[in-house]
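Novice: What follows is work-v4.txt, compact mmCIF, C-alpha atoms and all ligand atoms.
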# COMPACT_ATOMS: atom_id res chain seq x y z
CA MET C 1 142.50 155.10 124.83
CA THR C 2 138.84 155.96 124.39
CA ASP C 3 136.86 152.86 123.50
CA VAL C 4 133.97 154.15 121.40
CA THR C 5 133.01 150.64 120.34
CA ARG C 6 132.25 149.85 123.97
CA TYR C 7 130.32 153.11 124.28
CA ALA C 8 128.25 152.12 121.24
CA THR C 9 127.41 148.79 122.87
CA LEU C 10 126.33 150.52 126.08
CA LEU C 11 124.33 153.18 124.22
CA ASP C 12 122.59 150.57 122.09
CA ARG C 13 120.93 149.36 125.31
CA GLU C 14 119.73 152.94 125.86
CA LEU C 15 118.20 153.24 122.39
CA PRO C 16 114.58 152.51 123.49
CA SER C 17 114.91 155.21 126.16
CA ILE C 18 116.45 157.69 123.69
CA LEU C 19 113.65 157.03 121.18
CA GLY C 20 111.01 157.32 123.91
CA MET C 21 112.35 160.71 124.95
CA ALA C 22 112.58 161.82 121.31
CA GLU C 23 108.96 160.80 120.70
CA ARG C 24 107.66 162.61 123.79
CA THR C 25 109.43 165.84 122.90
CA VAL C 26 108.72 165.75 119.15
CA ASN C 27 105.03 165.45 119.98
CA ILE C 28 105.07 168.77 121.85
CA ASP C 29 104.65 171.91 119.73
CA SER C 30 107.67 174.03 120.65
CA GLY C 31 108.10 176.77 118.07
CA SER C 32 110.31 179.67 119.10
CA TYR C 33 107.23 181.76 119.98
CA LEU C 34 105.43 178.99 121.95
CA PRO C 35 106.77 179.36 125.52
CA ASP C 36 104.54 176.70 127.09
CA GLY C 37 105.66 174.02 124.64
CA VAL C 38 109.32 174.99 124.82
CA ASN C 39 109.12 174.84 128.62
CA ALA C 40 107.40 171.45 128.54
CA VAL C 41 110.25 170.08 126.43
CA ILE C 42 112.84 171.63 128.73
CA SER C 43 111.12 170.07 131.77
CA ILE C 44 111.54 166.58 130.31
CA TRP C 45 115.27 167.14 129.81
CA ALA C 46 115.70 168.95 133.13
CA ASP C 47 114.20 165.98 135.01
CA MET C 48 116.80 163.64 133.55
CA LEU C 49 119.65 166.06 134.24
CA ARG C 50 118.55 166.50 137.86
CA GLY C 51 118.45 162.72 138.20
CA MET C 52 122.12 162.71 137.17
CA GLY C 53 122.99 165.26 139.84
CA PHE C 54 123.04 168.37 137.65
CA GLU C 55 122.02 171.65 139.21
CA VAL C 56 119.39 173.11 136.90
CA GLN C 57 118.55 176.82 136.61
CA ARG C 58 115.82 178.26 134.41
CA THR C 59 115.53 181.90 133.40
CA PRO C 60 112.29 182.95 131.65
CA LEU C 61 112.61 185.04 128.48
CA PRO C 62 109.73 187.35 127.56
CA GLY C 63 107.78 185.89 124.63
CA HIS C 64 109.83 182.70 124.55
CA GLY C 65 110.54 179.73 126.78
CA ASP C 66 113.17 179.50 129.52
CA GLN C 67 116.93 179.54 129.21
CA MET C 68 118.09 176.37 130.93
CA THR C 69 121.55 176.10 132.47
CA ALA C 70 122.45 172.67 133.87
CA ARG C 71 125.76 172.27 135.69
CA LEU C 72 127.66 169.33 137.07
CA ALA C 73 131.02 169.38 138.81
CA PRO C 74 132.32 165.84 138.28
CA GLY C 75 135.16 166.47 140.71
CA GLY C 76 138.15 166.74 138.41
CA ASN C 77 140.35 169.73 137.80
CA GLY C 78 140.63 169.26 134.06
CA LYS C 79 138.66 170.74 131.20
CA ARG C 80 135.38 172.63 131.38
CA LEU C 81 132.89 171.25 128.86
CA LEU C 82 130.04 173.24 127.33
CA VAL C 83 127.23 171.42 125.48
CA LEU C 84 124.83 173.56 123.42
CA GLY C 85 121.29 172.52 122.54
CA HIS C 86 117.96 174.19 121.90
CA ALA C 87 114.34 173.30 122.64
CA ASP C 88 112.59 175.36 119.99
CA THR C 89 111.67 174.39 116.44
CA VAL C 90 110.72 176.36 113.33
CA TRP C 91 107.15 174.99 113.44
CA PRO C 92 103.82 176.63 114.31
CA SER C 93 101.26 175.61 116.90
CA GLY C 94 99.29 172.51 115.86
CA ILE C 95 102.11 170.87 113.87
CA ALA C 96 102.55 167.83 116.14
CA ALA C 97 98.87 166.86 115.79
CA GLU C 98 99.11 166.71 112.01
CA TRP C 99 102.70 165.44 111.80
CA PRO C 100 103.44 163.36 114.91
CA PHE C 101 106.56 161.29 115.59
CA ALA C 102 106.55 158.31 113.25
CA ARG C 103 108.86 155.48 112.30
CA ASP C 104 109.03 153.80 108.91
CA GLY C 105 111.90 151.34 108.85
CA ASN C 106 115.08 153.36 109.32
CA ARG C 107 113.31 156.71 108.84
CA LEU C 108 112.13 158.63 111.87
CA THR C 109 110.09 161.76 111.20
CA GLY C 110 108.31 164.50 113.12
CA PRO C 111 108.75 168.23 113.73
CA GLY C 112 112.22 168.87 115.09
CA ILE C 113 113.19 165.17 114.98
CA GLY C 114 116.74 166.02 113.88
CA ASP C 115 116.79 169.72 114.81
CA MET C 116 117.05 168.90 117.59
CA LYS C 117 114.79 166.79 119.79
CA THR C 118 116.54 163.44 119.26
CA ASN C 119 119.92 165.15 119.48
CA VAL C 120 119.47 166.35 123.05
CA ALA C 121 118.05 162.97 124.10
CA MET C 122 121.17 161.30 122.64
CA ALA C 123 123.49 163.71 124.41
CA LEU C 124 121.84 163.30 127.82
CA HIS C 125 121.95 159.51 127.55
CA ALA C 126 125.60 159.66 126.45
CA LEU C 127 126.47 161.81 129.49
CA ARG C 128 124.57 159.46 131.82
CA MET C 129 126.37 156.44 130.36
CA LEU C 130 129.75 158.15 130.81
CA GLN C 131 128.87 159.13 134.36
CA ALA C 132 128.01 155.51 135.19
CA GLU C 133 131.34 154.46 133.68
CA GLY C 134 133.21 157.00 135.78
CA ALA C 135 134.40 158.60 132.54
CA LEU C 136 133.39 162.17 133.41
CA ALA C 137 135.56 162.28 136.52
CA GLY C 138 138.45 164.26 135.06
CA LEU C 139 136.29 167.18 133.98
CA ALA C 140 136.15 170.29 136.12
CA SER C 141 132.63 171.04 134.91
CA VAL C 142 129.94 169.97 132.49
CA THR C 143 127.49 172.73 131.51
CA VAL C 144 124.50 171.98 129.31
CA LEU C 145 122.66 175.00 127.89
CA VAL C 146 119.22 174.69 126.31
CA VAL C 147 118.32 177.78 124.30
CA PRO C 148 114.62 178.69 123.81
CA GLU C 149 114.91 180.88 120.67
CA GLU C 150 117.78 179.45 118.62
CA GLU C 151 115.72 179.16 115.46
CA ILE C 152 115.28 182.94 115.29
CA GLY C 153 119.01 183.51 115.83
CA SER C 154 119.13 183.51 119.67
CA PRO C 155 118.82 187.32 119.87
CA LEU C 156 118.08 187.32 123.61
CA SER C 157 120.38 184.41 124.46
CA ARG C 158 123.60 185.50 122.77
CA ALA C 159 125.12 187.27 125.79
CA TRP C 160 124.30 184.34 128.08
CA ILE C 161 125.83 181.81 125.67
CA GLU C 162 128.95 183.96 125.24
CA ALA C 163 129.35 184.33 129.01
CA GLU C 164 129.21 180.55 129.42
CA ALA C 165 131.54 180.01 126.44
CA ARG C 166 134.18 182.25 128.04
CA GLN C 167 134.24 179.77 130.95
CA ALA C 168 134.66 176.73 128.69
CA ASP C 169 137.64 174.85 127.26
CA LEU C 170 135.62 173.12 124.56
CA CYS C 171 132.13 173.36 123.12
CA LEU C 172 130.11 170.54 121.59
CA THR C 173 127.04 171.65 119.64
CA LEU C 174 124.17 169.29 118.91
CA GLU C 175 122.91 170.51 115.53
CA PRO C 176 122.15 167.77 112.99
CA CYS C 177 124.85 165.65 111.38
CA ARG C 178 124.76 166.07 107.61
CA PRO C 179 123.79 163.21 105.30
CA ASP C 180 126.87 161.01 104.79
CA GLY C 181 128.41 162.12 108.07
CA GLY C 182 129.24 165.81 107.72
CA LEU C 183 130.38 167.44 110.98
CA VAL C 184 130.39 171.24 111.10
CA VAL C 185 133.83 172.84 111.63
CA GLY C 186 132.95 176.34 110.42
CA ARG C 187 130.03 178.55 109.59
CA GLY C 188 129.45 181.80 107.80
CA ALA C 189 127.90 184.93 109.28
CA VAL C 190 124.12 185.35 109.10
CA GLY C 191 122.28 188.66 109.10
CA ALA C 192 118.64 189.71 109.43
CA VAL C 193 117.78 193.22 108.29
CA TYR C 194 114.33 194.83 108.46
CA LEU C 195 113.47 197.78 106.26
CA SER C 196 110.16 199.56 106.70
CA ALA C 197 108.61 202.41 104.75
CA THR C 198 105.99 204.89 105.88
CA GLY C 199 104.15 206.77 103.16
CA VAL C 200 100.96 208.78 102.89
CA THR C 201 97.59 207.10 102.37
CA ALA C 202 95.01 208.55 99.98
CA HIS C 203 92.10 207.29 97.91
CA CYS C 204 93.41 206.02 94.58
CA GLY C 205 90.54 207.53 92.64
CA ALA C 206 89.57 210.73 94.39
CA ALA C 207 92.91 211.95 95.70
CA ARG C 208 95.70 209.93 94.09
CA GLU C 209 98.08 212.89 94.05
CA LYS C 210 97.83 213.31 97.82
CA GLY C 211 99.24 209.81 98.38
CA ALA C 212 102.86 208.67 98.56
CA SER C 213 103.27 204.93 98.11
CA ALA C 214 105.34 203.04 100.67
CA VAL C 215 105.11 199.93 98.47
CA ALA C 216 106.55 201.72 95.44
CA ALA C 217 109.42 203.10 97.49
CA LEU C 218 110.44 199.69 98.86
CA ALA C 219 109.69 197.69 95.72
CA ALA C 220 112.26 199.70 93.77
CA LEU C 221 114.93 198.52 96.22
CA VAL C 222 114.21 194.79 95.99
CA PRO C 223 116.14 193.95 92.79
CA ALA C 224 119.09 196.07 93.92
CA LEU C 225 119.21 194.41 97.35
CA ASP C 226 118.95 190.93 95.82
CA ALA C 227 121.84 191.82 93.50
CA LEU C 228 124.22 192.73 96.34
CA GLY C 229 125.32 189.13 96.81
CA ASP C 230 128.29 187.40 95.26
CA PRO C 231 127.39 183.70 95.42
CA ALA C 232 130.75 182.54 94.10
CA ASN C 233 132.35 184.10 97.18
CA GLY C 234 129.70 182.97 99.66
CA LEU C 235 127.93 186.33 99.88
CA SER C 236 124.19 186.63 99.46
CA ALA C 237 121.42 189.11 100.12
CA THR C 238 117.85 187.87 99.72
CA VAL C 239 114.57 189.65 100.30
CA GLY C 240 112.62 186.86 101.99
CA ILE C 241 109.52 188.83 103.00
CA PHE C 242 107.93 191.78 101.24
CA ARG C 243 104.56 193.12 102.26
CA GLY C 244 102.63 196.34 102.28
CA GLY C 245 99.37 198.14 101.71
CA ASP C 246 95.99 197.79 103.34
CA ALA C 247 93.44 198.02 100.52
CA ARG C 248 93.37 197.95 96.71
CA GLN C 249 91.90 201.41 96.41
CA VAL C 250 94.22 203.09 98.92
CA VAL C 251 97.73 204.36 98.15
CA PRO C 252 99.79 202.20 100.55
CA GLY C 253 100.97 204.01 103.64
CA ARG C 254 103.17 201.20 104.89
CA ALA C 255 105.41 198.48 103.58
CA GLU C 256 108.22 196.34 104.94
CA LEU C 257 110.80 193.89 103.77
CA HIS C 258 112.96 191.36 105.61
CA LEU C 259 116.40 190.80 104.16
CA ASP C 260 118.54 187.71 104.82
CA LEU C 261 122.32 188.22 104.60
CA ARG C 262 125.06 185.58 104.39
CA ALA C 263 128.80 186.16 104.38
CA PRO C 264 131.83 183.86 104.74
CA ASP C 265 133.55 185.90 107.47
CA ASP C 266 132.96 188.88 109.73
CA ALA C 267 134.91 191.36 107.55
CA ALA C 268 132.87 190.45 104.47
CA ALA C 269 129.74 190.68 106.62
CA SER C 270 130.58 194.24 107.64
CA ARG C 271 131.17 195.24 104.03
CA LEU C 272 127.90 193.67 102.88
CA LEU C 273 125.93 195.42 105.63
CA ALA C 274 127.57 198.74 104.70
CA GLU C 275 126.48 198.19 101.09
CA VAL C 276 122.89 197.63 102.27
CA HIS C 277 122.98 200.89 104.25
CA ALA C 278 124.49 202.80 101.31
CA LEU C 279 121.94 201.43 98.88
CA VAL C 280 119.04 202.38 101.14
CA ALA C 281 120.53 205.84 101.79
CA ALA C 282 120.83 206.43 98.04
CA SER C 283 117.23 205.37 97.36
CA ARG C 284 115.37 207.79 95.06
CA HIS C 285 111.76 207.69 96.15
CA ASP C 286 108.93 210.09 96.83
CA PRO C 287 110.36 212.39 99.53
CA ARG C 288 107.16 212.03 101.53
CA VAL C 289 108.03 208.37 102.18
CA THR C 290 110.39 207.70 105.08
CA LEU C 291 112.49 204.57 105.35
CA ALA C 292 113.71 202.94 108.59
CA LEU C 293 116.41 200.30 108.60
CA ARG C 294 117.19 198.06 111.58
CA GLY C 295 118.92 194.79 112.27
CA GLY C 296 122.29 193.52 111.16
CA PHE C 297 124.41 190.40 111.50
CA THR C 298 122.92 188.26 114.27
CA ARG C 299 125.33 185.33 113.90
CA PRO C 300 129.05 186.00 113.68
CA ALA C 301 131.15 183.76 111.46
CA PHE C 302 132.40 180.53 113.04
CA PRO C 303 136.05 180.41 112.02
CA THR C 304 137.74 177.02 111.67
CA HIS C 305 140.66 177.18 114.08
CA SER C 306 143.18 174.61 115.23
CA GLY C 307 141.21 173.60 118.35
CA THR C 308 138.19 172.80 116.19
CA GLU C 309 140.36 170.91 113.70
CA ALA C 310 141.73 168.79 116.55
CA LEU C 311 138.21 167.98 117.75
CA PHE C 312 137.18 167.04 114.22
CA ALA C 313 140.23 164.78 113.78
CA ARG C 314 139.33 162.98 116.99
CA ALA C 315 135.68 162.62 115.96
CA ALA C 316 136.77 161.29 112.56
CA SER C 317 138.97 158.65 114.22
CA PHE C 318 136.02 157.57 116.39
CA ALA C 319 133.77 157.44 113.32
CA ALA C 320 136.32 155.24 111.54
CA ALA C 321 136.47 152.90 114.55
CA LEU C 322 132.66 152.63 114.43
CA GLY C 323 132.59 152.14 110.66
CA VAL C 324 130.58 155.30 109.94
CA PRO C 325 131.61 158.26 107.75
CA ALA C 326 132.77 161.69 108.89
CA TYR C 327 133.87 164.67 106.85
CA PRO C 328 134.29 168.36 107.68
CA VAL C 329 131.62 170.82 106.58
CA VAL C 330 131.69 174.62 106.48
CA SER C 331 128.04 175.63 106.59
CA ARG C 332 126.36 178.80 105.37
CA GLY C 333 123.85 178.54 108.21
CA GLY C 334 124.43 179.86 111.72
CA SER C 335 124.10 178.12 115.07
CA ASP C 336 124.80 178.87 118.72
CA GLY C 337 128.16 177.17 118.25
CA SER C 338 129.17 180.23 116.21
CA PHE C 339 129.15 182.37 119.39
CA ALA C 340 131.59 180.03 121.16
CA ALA C 341 133.83 179.47 118.13
CA ARG C 342 134.18 183.19 117.55
CA LEU C 343 135.56 183.55 121.08
CA GLY C 344 138.28 181.05 120.21
CA VAL C 345 136.75 178.12 122.08
CA PRO C 346 137.43 174.82 120.25
CA THR C 347 133.94 174.02 118.93
CA LEU C 348 132.57 171.10 116.96
CA ASP C 349 129.01 171.13 115.64
CA GLY C 350 126.80 168.66 113.81
CA LEU C 351 126.95 166.06 116.57
CA GLY C 352 123.30 165.00 116.31
CA PRO C 353 121.88 162.10 114.29
CA VAL C 354 122.21 161.99 110.50
CA THR C 355 119.42 164.29 109.36
CA HIS C 356 117.87 164.83 105.94
CA GLU C 357 115.98 167.88 104.68
CA THR C 358 116.39 169.77 107.96
CA CYS C 359 113.66 172.31 108.76
CA SER C 360 111.40 171.09 105.96
CA ARG C 361 108.16 169.13 106.29
CA ARG C 362 110.16 166.17 105.02
CA GLU C 363 112.77 166.28 107.84
CA TRP C 364 113.83 162.77 108.83
CA ILE C 365 116.69 161.11 110.62
CA GLU C 366 118.43 157.79 110.10
CA ALA C 367 117.47 155.68 113.12
CA ASP C 368 120.61 153.58 112.81
CA SER C 369 122.78 156.68 113.08
CA ILE C 370 121.65 157.46 116.64
CA VAL C 371 123.89 154.97 118.46
CA PRO C 372 127.14 155.61 116.53
CA ARG C 373 126.67 159.41 116.60
CA ALA C 374 125.96 159.28 120.35
CA ALA C 375 129.08 157.13 120.77
CA ILE C 376 131.18 159.71 118.87
CA LEU C 377 129.85 162.43 121.17
CA ALA C 378 130.58 160.24 124.21
CA GLY C 379 134.09 159.63 122.90
CA LEU C 380 134.76 163.36 122.56
CA VAL C 381 133.57 163.97 126.12
CA ALA C 382 135.57 161.05 127.53
CA ALA C 383 138.72 162.18 125.70
CA ALA C 384 138.33 165.68 127.12
CA ALA C 385 137.83 164.19 130.60
CA ALA C 386 141.00 162.14 130.14
CA GLY C 387 142.87 165.35 129.36
CA ASP C 388 143.37 164.66 125.66
ZN ZN C 401 119.00 173.61 115.34
Now that the file is in, can you turn its structure into structure tokens?
Specialist:
Amino acid sequence: MTDVTRYATLLDRELPSILGMAERTVNIDSGSYLPDGVNAVISIWADMLRGMGFEVQRTPLPGHGDQMTARLAPGGNGKRLLVLGHADTVWPSGIAAEWPFARDGNRLTGPGIGDMKTNVAMALHALRMLQAEGALAGLASVTVLVVPEEEIGSPLSRAWIEAEARQADLCLTLEPCRPDGGLVVGRGAVGAVYLSATGVTAHCGAAREKGASAVAALAALVPALDALGDPANGLSATVGIFRGGDARQVVPGRAELHLDLRAPDDAAASRLLAEVHALVAASRHDPRVTLALRGGFTRPAFPTHSGTEALFARAASFAAALGVPAYPVVSRGGSDGSFAARLGVPTLDGLGPVTHETCSRREWIEADSIVPRAAILAGLVAAAAAGD
């Protein structure tokens, strides 16, 4: 019987250390395109993992930080555990100076506080506590991955994450817990499509007829692309970026748009992407303008299967024992957990602290959620180690 109440008591003693690690890492700028900051955050976590006996490997990614793989063989011949985290945030350079880690009563704020600096600190302390208790011993392996470009969809890390997931019996993902205790048991597919147009520049006054507008060609597609969605069925297409032209008095020779796609499952995702291609192919624009379409679905759907349902049921029983809420959420956002879940690996996500307004300048976490959420995570690991 996994005693999560005892784990909560032990982790409560670790809270100052968890908060200290959260503060140090939140105060480092670590946007997806800031390799130095991402690597500085990873170094803080890697030091702790090495201290616990993990073997740590780092693989640099061009333009991003390192992929960190930390492995421990606790000596058992039971399950192989995969823990997924990331070191990057959605924020630009300079953010930590203007918005540093801060505490106001139960509210902790700062860039990446809940997505996911505190989350990794919680998980590492939970693993260290379990190790000290001898509660990891049944596991064949514990692998912690820290991804450097999760916030842009992990385009360079997908194959690495999938290779590790194929070696795992369960996957615990450290994305934020939803307000009121939502744990993620499924996710939709997420796509990123880039459409660019190349036209012919000309002076608007002297030689208007020689020009072919790239902006006009793409602009005509925007309402049609936005209308491809079917929100009632979880499908959406949204032009999030549109830009073009170089000067007011020049017929624009270039334009581009970035299209976000969401779909509830992989089949619907394929159909939606085919509709995008068909719409672009049928575009009636000046024949001197050429269009180029690239991208597609970067995150597969995370189906809710029985292994995930079993993990959720266990987490919910731990939450009840701790007197905190838990309910299952199917999210329209993607995460690295989607890669593991799609391969059939039992995957539970949303195991971080209770987080509000994720990825906004108002992001904050509930300080008093850290210990019980870390205890739930510890309980899941201990149960897996015990062969449950
Ligand atoms: Zn995240």
Novice: Within 12 Å of ligand ZN 401 (chain C) (counting all atoms listed in the file), which residues show up? I'd like them as a PyMOL selection string.
Specialist: chain C and resi 31-32+84-90+111-120+146-154+173-177+333-337+349-353+355+358-359
Novice: Please report the interatomic distance between atom CA of C:Ala374 and atom CA of C:Val190 in Å with one decimal.
Specialist: 28.5 Å
Novice: So that I can check the surroundings of C:Gln249, please list as a list in words every protein, DNA and RNA residue that reaches within 9 Å of it, counting only C-alpha atoms and ignoring chain neighbours fewer than 5 positions away.
Specialist: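 Near neighbours after the sequence-gap exclusion: Ala202, His203, Cys204 and Gly205 of chain C.
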Novice: In Å, with one decimal, what is the gap from atom CA of C:Arg187 to atom CA of C:Ser331?
Specialist: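 Taking atom CA of C:Arg187 and atom CA of C:Ser331, their separation equals 4.6 Å.
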Novice: Using only C-alpha atoms, list the residues that have an atom at most 10 Å from (136.0, 179.0, 119.4), coordinates as in the file, as a ChimeraX atom specification.
Specialist: /C:165-166,168-171,186,302-308,337-348
Novice: So how many Å separate atom CA of C:Ala216 and atom CA of C:Ser270, to one decimal?
Specialist: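 Separation of atom CA of C:Ala216 and atom CA of C:Ser270: 28.0 Å.
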Novice: Find the residues near C:Ala367: any atom within 9 Å, counting all atoms listed in the file, skip ones fewer than 4 places away on the same chain, and give them as a VMD selection string.
Specialist: chain C and resid 103 105 to 108 353 to 354 371
Novice: Pick from C:Val289, C:Ala326, C:Leu172, C:Ala247: nearest to C:Ala212, with all atoms listed in the file counted?
Specialist: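 Looking at the shortest contact to C:Ala212, the residue is C:Val289.
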Novice: Of the candidates C:Val250, C:Ala315, C:Ala263, C:Met122, which one gets nearest to C:Val4 if we count only C-alpha atoms?
Specialist: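 Closest candidate: C:Ala315.
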Novice: Which residue, C:Glu164, C:Asp29, C:Asp66, C:Glu366, has the smallest gap to C:Ser43 when you use all atoms listed in the file?
Specialist: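 Closest to C:Ser43 of all the choices is C:Asp66.
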Novice: Which of these residues is nearest to C:Ile161, using only C-alpha atoms: C:Leu380, C:Gln67, C:Gln131, C:Phe318?
Specialist: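 Looking at the shortest contact to C:Ile161, the residue is C:Gln67.
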Novice: For stretch 212-228 of chain C, I'd like the enclosing box, axis-aligned and padded by 6 Å on every side, reported as AutoDock Vina command-line options with centre and edge lengths in Å to one decimal.
Specialist:
--center_x 113.5 --center_y 199.8 --center_z 96.7 --size_x 33.4 --size_y 29.7 --size_z 19.9
Novice: What's the 7 Å shell around C:Gly78, counting all atoms listed in the file, without same-chain residues fewer than 5 positions away, as number ranges by chain?
Specialist: C: 138-140, 385, 387
